[in-house]
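Q: Below you will find the structure I want to go over with you.
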Amino acid sequence: MLRLFRFLIVVAAVLVFSQNLQAQLKDPFEHRMDDTLSAVTVTAVKEKPRNTTQTGLVRLDTEMLKRGASSFGTPDIIKTLLNLPGVSAGNELMGGMYVHGGDGTDNLYLLDGVPLYNISHFGGIFSSFNTDVTDGLDFYKSGFPARYGTKLSSVVDVTTRPGDMYEFHGSASLGLIDGRINVEGPIVKGRTSFNLAYRRSWMDMMIWLAMKIGGDDGSRKAAYFMHDFNAGVTHDFGKDNRLRVNFYRGSDDLDLGLKPTDSSLDLAVKWGNLCTSVNWDKKLSLKTRSSLMGYFSQSRSDTDYGIVLGGYDLADRINSSIRDAGVRYNLDWYPHESHHIRTGIDGAYKMYRYVGMAEDPSDPDSYSPTVSKDAPEVSLYMEDEFFIVHGLTFNAGLRHTSYFTPGKTWRSLEPRVALKLSPAYFMDIKLSYSRMSQSDHLVASSYIDLPSNTWMPSTSLIRPELSDQISAGVYTEPVEGMTLNLEGWYKTMDHLLQYTGINSMFPPVQNWETSFTEGRGLSYGLESEIGYRTSSFSATAYYTLGWSKRSFPEVYPKWFWANNDNRHKVNLLFSYKVMKDLEVSANWNYHTGNRITLPTNVLADGTQLYDTPFNFTLPSYHRLDLAMTYTMKSSKGNDFDLSASVYNAYNNKNAFFAYVEKDENGDFNGIAYSVLPVFPTLTITYRF
């Protein structure tokens, strides 16, 4: 382990030295070619997503994100991505995101290049990404470039905005269940800037008030609040030489208690993320640019519970965390204006911790053992994108990752290929293949995204998961403002894990390898998009037809449908600027219901019998959200935004969960329950 640390330190030192040395070298053609490279290679690709070679790429800028889907009046990145084709949602507001048949634990979330492992506030009502400081994001569902790795199904690459170098400004928002403030401006005018954002929920105050109004007899308690903080400092040393320091911390605190006469429940859960990074981006010459980053990321949860029910007295406290410390170096080289080569190295030292602590210190047997594992990773990549002939672009890449575990080193060689053909100025045809690997495994007894879930690395018994995906599509703009796209995918997944133990909120982490079985996954389908946009009007329709299967021979001898097998998915999005200061929008969501496992027969003694996993489909899900934003000018010329929105406008009772119940005739029936009715919100935003 010490050798690996020394190796990473030496690599970082050599890269820093080489960066300083190369910066002193002068390109003899620098002045002669200065006007030919930057406009063609950088600007065009960034501003026109259709010009990128990869399939499955969606790029969203700041304005798109702020006008995207929201959670009770607060714009939210994950809710916006859930509208896209090929992406399925978990249970309502539970934060799950299933991309091309993935299981929700296989999405790579990056904040300024730093991985985040838990991106949900309060089970998914909000995500950890604050759009007030977000500059934009790249979202990949397929066609992954070689510079991305460590997850199977998607990449959500979010970047925050550098602070304004010349003027102070910001915004403050007050909503029904949360408030936000953002301030940015220069520290040294034209050289150094800052950008700060803070967000906090009011739900603890609302719950306290509701309990007081309802009468608090001391038999129950409920409290919850979440907050997060973003901070960034940017310094320009000179032209094309920039240093950025970014920091993020988010946390949730949930406290519940019920004390009827003969039983009680106490539950306290705290969870959150912390990450920080230092990024040095420098142009070495006209043709080369480098980026050197060091980062640290932590995701942790602390669960303390006590249950007294029917003679049972259970109590435990469980703390789990995953920490990453890493260094990353990337080099971009433009040998020609139509040729772009990327290469880099990424070294990460991952630390997994799990500690169980019983309530009774006098009983040694009541303690859960501490599990501590360290798992370094080193990845090398290279990708080459170039124009073969007019209208034909090719991107080829290769990524090699080594996962170091006690007694075993796993290696993964991951080829990536993408091809784009432009037979006409309004049409692109794309084809891609990519292999991905993942060494992090979520130790959970349920597919629901819970803060108590624990991450563990691959071991000598558990190998990394693999996926291979082929995708192809036709992307057109038949007339100005209109988009018509059709894309298909076929993805296989190997070495997936499924929990096989008894029903438990917390699987036994100390011997978790024996509580899971290995299997395979298969996903395929078609996704389509048709949209029309003008400066004041936008209407888009997405449709997905998809299949998702699993095979775990120890669980069931045949292939069975996955829980997130939503056969049909439709999203209709509409927005219209009625006048300069007034904009209205609507979003209708529909998908085939999620699958659950229910017994097919119940014996006389109450024993429940099952046939196949996920054998029942919940009723189809559909919901209409409405929003309106009115902008006002103050006497000082500042903007006030008054936003009103309605979640689930026609109050459809979407099924959240279901179970089997015996009626008065002795017959067993499946009963489904919904949790969230129509919900109006009002938000006021002041921009200064």
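Identifiers for the structure tokens are assigned positionally: chains receive A, B, ... in sequence, residues are indexed from 1 per chain, and ligands are indexed from 1 in the order shown.
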Within 7 Å of region 136-153 of chain A, counting only C-alpha atoms, which residues qualify if same-chain residues fewer than 6 places away don't, as a PDB file with N, CA, C and O atoms, in the first residue's frame?
A:
ATOM      1  N   GLN A  54     -20.099  10.762 -29.978  1.00  0.00           N
ATOM      2  CA  GLN A  54     -20.698   9.729 -29.144  1.00  0.00           C
ATOM      3  C   GLN A  54     -22.226   9.711 -29.245  1.00  0.00           C
ATOM      4  O   GLN A  54     -22.873  10.755 -29.382  1.00  0.00           O
ATOM      5  N   THR A  55     -22.784   8.514 -29.139  1.00  0.00           N
ATOM      6  CA  THR A  55     -24.228   8.359 -28.965  1.00  0.00           C
ATOM      7  C   THR A  55     -24.560   8.619 -27.492  1.00  0.00           C
ATOM      8  O   THR A  55     -23.691   8.641 -26.627  1.00  0.00           O
ATOM      9  N   GLY A  56     -25.841   8.799 -27.210  1.00  0.00           N
ATOM     10  CA  GLY A  56     -26.309   8.855 -25.829  1.00  0.00           C
ATOM     11  C   GLY A  56     -25.816  10.017 -25.015  1.00  0.00           C
ATOM     12  O   GLY A  56     -25.858   9.964 -23.779  1.00  0.00           O
ATOM     13  N   LEU A  57     -25.353  11.093 -25.648  1.00  0.00           N
ATOM     14  CA  LEU A  57     -24.842  12.248 -24.917  1.00  0.00           C
ATOM     15  C   LEU A  57     -25.871  13.370 -24.922  1.00  0.00           C
ATOM     16  O   LEU A  57     -26.388  13.755 -25.970  1.00  0.00           O
ATOM     17  N   VAL A  58     -26.158  13.886 -23.712  1.00  0.00           N
ATOM     18  CA  VAL A  58     -27.033  15.043 -23.556  1.00  0.00           C
ATOM     19  C   VAL A  58     -26.264  16.107 -22.796  1.00  0.00           C
ATOM     20  O   VAL A  58     -25.702  15.836 -21.728  1.00  0.00           O
ATOM     21  N   ARG A  59     -26.218  17.328 -23.358  1.00  0.00           N
ATOM     22  CA  ARG A  59     -25.538  18.436 -22.701  1.00  0.00           C
ATOM     23  C   ARG A  59     -26.568  19.493 -22.304  1.00  0.00           C
ATOM     24  O   ARG A  59     -27.401  19.898 -23.110  1.00  0.00           O
ATOM     25  N   LEU A  60     -26.500  19.919 -21.053  1.00  0.00           N
ATOM     26  CA  LEU A  60     -27.418  20.911 -20.524  1.00  0.00           C
ATOM     27  C   LEU A  60     -26.614  22.054 -19.926  1.00  0.00           C
ATOM     28  O   LEU A  60     -25.708  21.822 -19.122  1.00  0.00           O
ATOM     29  N   ASP A  61     -26.963  23.293 -20.294  1.00  0.00           N
ATOM     30  CA  ASP A  61     -26.275  24.436 -19.725  1.00  0.00           C
ATOM     31  C   ASP A  61     -27.072  24.985 -18.544  1.00  0.00           C
ATOM     32  O   ASP A  61     -28.097  24.425 -18.132  1.00  0.00           O
ATOM     33  N   THR A  62     -26.614  26.114 -17.987  1.00  0.00           N
ATOM     34  CA  THR A  62     -27.216  26.663 -16.775  1.00  0.00           C
ATOM     35  C   THR A  62     -28.687  26.986 -16.964  1.00  0.00           C
ATOM     36  O   THR A  62     -29.531  26.636 -16.128  1.00  0.00           O
ATOM     37  N   VAL A  99     -30.630   3.608 -15.738  1.00  0.00           N
ATOM     38  CA  VAL A  99     -30.284   3.996 -17.102  1.00  0.00           C
ATOM     39  C   VAL A  99     -30.003   2.741 -17.925  1.00  0.00           C
ATOM     40  O   VAL A  99     -29.135   1.941 -17.575  1.00  0.00           O
ATOM     41  N   HIS A 100     -30.763   2.582 -18.999  1.00  0.00           N
ATOM     42  CA  HIS A 100     -30.593   1.444 -19.916  1.00  0.00           C
ATOM     43  C   HIS A 100     -30.509   0.123 -19.153  1.00  0.00           C
ATOM     44  O   HIS A 100     -29.611  -0.689 -19.372  1.00  0.00           O
ATOM     45  N   GLY A 102     -29.917  -0.457 -15.942  1.00  0.00           N
ATOM     46  CA  GLY A 102     -29.040  -0.548 -14.778  1.00  0.00           C
ATOM     47  C   GLY A 102     -29.825  -0.709 -13.493  1.00  0.00           C
ATOM     48  O   GLY A 102     -31.056  -0.618 -13.469  1.00  0.00           O
ATOM     49  N   ASP A 106     -25.143   1.986 -10.360  1.00  0.00           N
ATOM     50  CA  ASP A 106     -24.081   1.929 -11.365  1.00  0.00           C
ATOM     51  C   ASP A 106     -23.987   3.208 -12.189  1.00  0.00           C
ATOM     52  O   ASP A 106     -23.585   3.178 -13.347  1.00  0.00           O
ATOM     53  N   ASN A 107     -24.379   4.339 -11.586  1.00  0.00           N
ATOM     54  CA  ASN A 107     -24.247   5.645 -12.235  1.00  0.00           C
ATOM     55  C   ASN A 107     -23.071   6.395 -11.632  1.00  0.00           C
ATOM     56  O   ASN A 107     -22.937   6.473 -10.405  1.00  0.00           O
ATOM     57  N   LEU A 108     -22.224   6.953 -12.475  1.00  0.00           N
ATOM     58  CA  LEU A 108     -21.080   7.732 -12.018  1.00  0.00           C
ATOM     59  C   LEU A 108     -21.495   9.197 -11.913  1.00  0.00           C
ATOM     60  O   LEU A 108     -21.796   9.839 -12.923  1.00  0.00           O
ATOM     61  N   THR A 159     -20.389  20.399 -13.601  1.00  0.00           N
ATOM     62  CA  THR A 159     -19.357  21.389 -13.307  1.00  0.00           C
ATOM     63  C   THR A 159     -20.010  22.624 -12.703  1.00  0.00           C
ATOM     64  O   THR A 159     -21.105  23.030 -13.105  1.00  0.00           O
ATOM     65  N   TYR A 381      -5.757   5.923 -19.617  1.00  0.00           N
ATOM     66  CA  TYR A 381      -6.633   5.957 -20.780  1.00  0.00           C
ATOM     67  C   TYR A 381      -5.996   6.762 -21.898  1.00  0.00           C
ATOM     68  O   TYR A 381      -5.138   7.622 -21.697  1.00  0.00           O
ATOM     69  N   MET A 382      -6.451   6.468 -23.107  1.00  0.00           N
ATOM     70  CA  MET A 382      -6.098   7.255 -24.286  1.00  0.00           C
ATOM     71  C   MET A 382      -7.256   7.173 -25.263  1.00  0.00           C
ATOM     72  O   MET A 382      -7.831   6.102 -25.476  1.00  0.00           O
ATOM     73  N   GLU A 383      -7.629   8.323 -25.837  1.00  0.00           N
ATOM     74  CA  GLU A 383      -8.661   8.342 -26.867  1.00  0.00           C
ATOM     75  C   GLU A 383      -8.257   9.299 -27.973  1.00  0.00           C
ATOM     76  O   GLU A 383      -7.582  10.307 -27.727  1.00  0.00           O
ATOM     77  N   GLY A 397     -10.880   4.685 -28.318  1.00  0.00           N
ATOM     78  CA  GLY A 397     -10.226   4.855 -27.030  1.00  0.00           C
ATOM     79  C   GLY A 397     -10.020   3.528 -26.335  1.00  0.00           C
ATOM     80  O   GLY A 397     -10.661   2.519 -26.655  1.00  0.00           O
ATOM     81  N   LEU A 398      -9.120   3.536 -25.377  1.00  0.00           N
ATOM     82  CA  LEU A 398      -8.829   2.349 -24.586  1.00  0.00           C
ATOM     83  C   LEU A 398      -8.544   2.782 -23.153  1.00  0.00           C
ATOM     84  O   LEU A 398      -7.768   3.718 -22.918  1.00  0.00           O
ATOM     85  N   ARG A 399      -9.177   2.100 -22.202  1.00  0.00           N
ATOM     86  CA  ARG A 399      -8.976   2.386 -20.786  1.00  0.00           C
ATOM     87  C   ARG A 399      -8.548   1.100 -20.087  1.00  0.00           C
ATOM     88  O   ARG A 399      -9.148   0.034 -20.304  1.00  0.00           O
ATOM     89  N   ARG A 416     -13.298   1.390 -26.296  1.00  0.00           N
ATOM     90  CA  ARG A 416     -14.412   2.287 -26.612  1.00  0.00           C
ATOM     91  C   ARG A 416     -14.264   2.723 -28.075  1.00  0.00           C
ATOM     92  O   ARG A 416     -13.183   3.165 -28.490  1.00  0.00           O
ATOM     93  N   ALA A 418     -16.466   4.872 -31.307  1.00  0.00           N
ATOM     94  CA  ALA A 418     -17.634   5.634 -31.756  1.00  0.00           C
ATOM     95  C   ALA A 418     -17.388   6.127 -33.176  1.00  0.00           C
ATOM     96  O   ALA A 418     -16.276   6.534 -33.517  1.00  0.00           O
ATOM     97  N   SER A 432     -21.787   3.216 -31.708  1.00  0.00           N
ATOM     98  CA  SER A 432     -20.765   3.167 -30.661  1.00  0.00           C
ATOM     99  C   SER A 432     -20.781   1.826 -29.951  1.00  0.00           C
ATOM    100  O   SER A 432     -21.804   1.125 -29.905  1.00  0.00           O
ATOM    101  N   TYR A 433     -19.626   1.487 -29.406  1.00  0.00           N
ATOM    102  CA  TYR A 433     -19.470   0.316 -28.532  1.00  0.00           C
ATOM    103  C   TYR A 433     -18.596   0.731 -27.352  1.00  0.00           C
ATOM    104  O   TYR A 433     -17.599   1.444 -27.519  1.00  0.00           O
ATOM    105  N   SER A 434     -18.963   0.285 -26.157  1.00  0.00           N
ATOM    106  CA  SER A 434     -18.150   0.602 -24.979  1.00  0.00           C
ATOM    107  C   SER A 434     -18.260  -0.509 -23.948  1.00  0.00           C
ATOM    108  O   SER A 434     -19.331  -1.098 -23.754  1.00  0.00           O
ATOM    109  N   MET A 436     -17.485  -1.193 -19.820  1.00  0.00           N
ATOM    110  CA  MET A 436     -17.281  -0.501 -18.551  1.00  0.00           C
ATOM    111  C   MET A 436     -17.117  -1.535 -17.441  1.00  0.00           C
ATOM    112  O   MET A 436     -17.640  -2.657 -17.525  1.00  0.00           O
ATOM    113  N   SER A 437     -16.398  -1.155 -16.380  1.00  0.00           N
ATOM    114  CA  SER A 437     -16.238  -2.029 -15.220  1.00  0.00           C
ATOM    115  C   SER A 437     -16.510  -1.238 -13.945  1.00  0.00           C
ATOM    116  O   SER A 437     -16.409  -0.011 -13.928  1.00  0.00           O
ATOM    117  N   GLN A 438     -16.856  -1.948 -12.875  1.00  0.00           N
ATOM    118  CA  GLN A 438     -17.197  -1.310 -11.604  1.00  0.00           C
ATOM    119  C   GLN A 438     -16.760  -2.199 -10.449  1.00  0.00           C
ATOM    120  O   GLN A 438     -17.152  -3.364 -10.378  1.00  0.00           O
ATOM    121  N   SER A 439     -15.962  -1.644  -9.545  1.00  0.00           N
ATOM    122  CA  SER A 439     -15.456  -2.418  -8.409  1.00  0.00           C
ATOM    123  C   SER A 439     -16.201  -2.127  -7.117  1.00  0.00           C
ATOM    124  O   SER A 439     -16.016  -2.834  -6.129  1.00  0.00           O
ATOM    125  N   LEU A 466     -19.120  -6.002 -14.976  1.00  0.00           N
ATOM    126  CA  LEU A 466     -18.775  -5.593 -16.343  1.00  0.00           C
ATOM    127  C   LEU A 466     -20.041  -5.322 -17.141  1.00  0.00           C
ATOM    128  O   LEU A 466     -21.083  -5.951 -16.907  1.00  0.00           O
ATOM    129  N   SER A 467     -19.946  -4.414 -18.087  1.00  0.00           N
ATOM    130  CA  SER A 467     -21.037  -4.197 -19.030  1.00  0.00           C
ATOM    131  C   SER A 467     -20.456  -3.968 -20.421  1.00  0.00           C
ATOM    132  O   SER A 467     -19.380  -3.381 -20.574  1.00  0.00           O
ATOM    133  N   SER A 471     -24.748   0.773 -29.221  1.00  0.00           N
ATOM    134  CA  SER A 471     -25.853   1.694 -29.476  1.00  0.00           C
ATOM    135  C   SER A 471     -25.685   2.331 -30.843  1.00  0.00           C
ATOM    136  O   SER A 471     -24.565   2.488 -31.342  1.00  0.00           O
TER     137      SER A 471
END
Q: Identify which of the residues A:Thr534, A:Ser264, A:Thr681, A:Asn118 lies closest to Ser71 (chain A), counting only C-alpha atoms when measuring atom-to-atom distances.
A: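 So, comparing all the options, the nearest one is A:Thr681.
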Q: Out of region 50-296 of chain A, which residues get strand (DSSP E or B) from DSSP, as a PyMOL selection string?
A: chain A and resi 57-61+70-71+74-75+87-89+97-99+107-111+114-116+120-121+126-127+134-140+154-160+169-174+178-188+192-201+220-238+241-258+264-283+288-296
Q: Can I get the selection written as a compact mmCIF listing (two decimals), in the first residue's frame, with C-alpha atoms?
A:
# COMPACT_ATOMS: atom_id res chain seq x y z
CA LEU A 57 -24.84 12.25 -24.92
CA VAL A 58 -27.03 15.04 -23.56
CA ARG A 59 -25.54 18.44 -22.70
CA LEU A 60 -27.42 20.91 -20.52
CA ASP A 61 -26.27 24.44 -19.72
CA SER A 70 -38.08 20.88 -10.18
CA SER A 71 -38.75 19.43 -6.74
CA THR A 74 -36.50 24.03 -6.63
CA PRO A 75 -34.85 23.16 -9.98
CA VAL A 87 -33.92 6.65 -18.06
CA SER A 88 -36.32 5.04 -15.57
CA ALA A 89 -37.23 6.30 -12.11
CA MET A 97 -32.26 6.50 -11.56
CA TYR A 98 -32.05 3.43 -13.78
CA VAL A 99 -30.28 4.00 -17.10
CA ASN A 107 -24.25 5.65 -12.24
CA LEU A 108 -21.08 7.73 -12.02
CA TYR A 109 -21.86 11.12 -10.44
CA LEU A 110 -19.09 13.71 -10.73
CA LEU A 111 -19.06 17.18 -9.17
CA VAL A 114 -14.94 14.40 -7.93
CA PRO A 115 -17.07 11.22 -7.50
CA LEU A 116 -20.13 11.36 -5.21
CA SER A 120 -30.03 12.17 -2.57
CA HIS A 121 -31.50 14.44 0.08
CA PHE A 126 -33.70 16.91 -3.72
CA SER A 127 -30.40 15.91 -5.25
CA THR A 134 -24.01 24.79 -11.72
CA ASP A 135 -22.38 25.77 -15.02
CA GLY A 136 -23.68 22.75 -16.94
CA LEU A 137 -23.48 18.99 -17.24
CA ASP A 138 -22.64 16.20 -19.66
CA PHE A 139 -24.88 13.14 -19.33
CA TYR A 140 -23.83 9.91 -21.07
CA SER A 154 -24.21 6.27 -17.04
CA VAL A 155 -22.04 9.32 -16.36
CA VAL A 156 -23.42 12.54 -14.85
CA ASP A 157 -20.56 15.04 -15.11
CA VAL A 158 -21.56 18.29 -13.34
CA THR A 159 -19.36 21.39 -13.31
CA THR A 160 -19.83 24.45 -11.13
CA HIS A 169 -24.02 39.65 -7.79
CA GLY A 170 -26.16 36.77 -6.61
CA SER A 171 -29.64 35.53 -5.81
CA ALA A 172 -31.81 34.55 -2.85
CA SER A 173 -34.80 32.19 -3.04
CA LEU A 174 -37.51 31.48 -0.50
CA ASP A 178 -36.46 25.23 1.37
CA GLY A 179 -34.43 28.41 0.91
CA ARG A 180 -31.31 29.20 -1.13
CA ILE A 181 -28.73 31.95 -1.40
CA ASN A 182 -25.89 32.43 -3.90
CA VAL A 183 -23.22 35.14 -3.93
CA GLU A 184 -20.27 35.56 -6.30
CA GLY A 185 -17.77 38.22 -7.26
CA PRO A 186 -14.12 39.27 -7.41
CA ILE A 187 -11.57 38.95 -4.62
CA VAL A 188 -8.90 40.55 -6.78
CA THR A 192 -9.35 36.01 -8.37
CA SER A 193 -13.04 35.33 -7.74
CA PHE A 194 -15.32 33.38 -5.40
CA ASN A 195 -18.70 31.67 -5.73
CA LEU A 196 -20.71 30.62 -2.65
CA ALA A 197 -24.09 28.91 -2.35
CA TYR A 198 -26.08 27.65 0.63
CA ARG A 199 -29.36 25.73 0.71
CA ARG A 200 -31.49 24.61 3.66
CA SER A 201 -34.90 22.98 4.06
CA ARG A 220 -44.26 10.78 19.01
CA LYS A 221 -41.50 12.89 17.57
CA ALA A 222 -40.46 13.77 14.05
CA ALA A 223 -37.76 16.07 12.76
CA TYR A 224 -35.86 16.40 9.53
CA PHE A 225 -33.67 18.98 7.89
CA MET A 226 -31.10 19.02 5.14
CA HIS A 227 -28.54 21.60 4.06
CA ASP A 228 -25.66 21.85 1.64
CA PHE A 229 -22.90 24.33 0.96
CA ASN A 230 -20.85 24.97 -2.19
CA ALA A 231 -17.75 27.13 -2.29
CA GLY A 232 -15.32 27.84 -5.10
CA VAL A 233 -12.29 30.09 -5.57
CA THR A 234 -10.78 30.69 -9.00
CA HIS A 235 -7.45 32.38 -9.74
CA ASP A 236 -6.08 33.29 -13.16
CA PHE A 237 -2.27 33.36 -13.26
CA GLY A 238 -2.42 34.67 -16.80
CA ASN A 241 -3.46 29.35 -16.83
CA ARG A 242 -6.12 28.86 -14.16
CA LEU A 243 -6.30 27.35 -10.67
CA ARG A 244 -9.63 26.34 -9.12
CA VAL A 245 -10.40 25.18 -5.59
CA ASN A 246 -13.87 23.72 -5.01
CA PHE A 247 -15.61 22.49 -1.87
CA TYR A 248 -18.96 20.84 -1.22
CA ARG A 249 -20.63 19.60 1.95
CA GLY A 250 -24.18 18.27 2.23
CA SER A 251 -25.89 16.59 5.15
CA ASP A 252 -29.29 15.26 6.24
CA ASP A 253 -30.62 14.67 9.76
CA LEU A 254 -33.72 12.54 10.35
CA ASP A 255 -35.16 11.78 13.82
CA LEU A 256 -38.35 9.73 14.31
CA GLY A 257 -40.01 8.30 17.41
CA LEU A 258 -43.26 6.55 18.34
CA SER A 264 -41.76 1.99 20.81
CA LEU A 265 -39.71 3.01 17.81
CA ASP A 266 -36.72 5.34 17.80
CA LEU A 267 -34.82 6.05 14.61
CA ALA A 268 -32.07 8.62 14.09
CA VAL A 269 -30.24 8.76 10.76
CA LYS A 270 -27.55 11.20 9.66
CA TRP A 271 -25.95 11.04 6.25
CA GLY A 272 -24.16 13.22 3.75
CA ASN A 273 -21.24 13.98 1.43
CA LEU A 274 -18.07 16.02 1.63
CA CYS A 275 -15.73 16.62 -1.29
CA THR A 276 -13.00 19.05 -2.24
CA SER A 277 -10.68 19.42 -5.19
CA VAL A 278 -7.81 21.52 -6.49
CA ASN A 279 -7.60 21.77 -10.28
CA TRP A 280 -4.79 23.39 -12.26
CA ASP A 281 -5.70 23.91 -15.92
CA LYS A 282 -2.94 25.22 -18.17
CA LYS A 283 -2.32 25.71 -21.87
CA THR A 288 -1.56 21.15 -25.95
CA ARG A 289 -3.50 21.74 -22.77
CA SER A 290 -3.13 19.94 -19.44
CA SER A 291 -5.17 19.53 -16.28
CA LEU A 292 -3.85 18.31 -12.94
CA MET A 293 -6.28 17.64 -10.09
CA GLY A 294 -6.09 16.33 -6.54
CA TYR A 295 -9.32 15.48 -4.75
CA PHE A 296 -10.94 13.97 -1.66
Q: Of the candidates A:Asn566, A:Ile177, A:Thr459, A:Glu63, which shows the shortest atom-to-atom distance to Phe679 (chain A), using only C-alpha atoms?
A: A:Ile177
Q: Give the answer as one residue: which of A:Gly546, A:Leu609, A:Glu661, A:Lys577 has the shortest atom-to-atom distance to Arg67 (chain A), using only C-alpha atoms?
A: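 Of A:Gly546, A:Leu609, A:Glu661, A:Lys577, the one nearest Arg67 (chain A) is A:Lys577, counting only C-alpha atoms.
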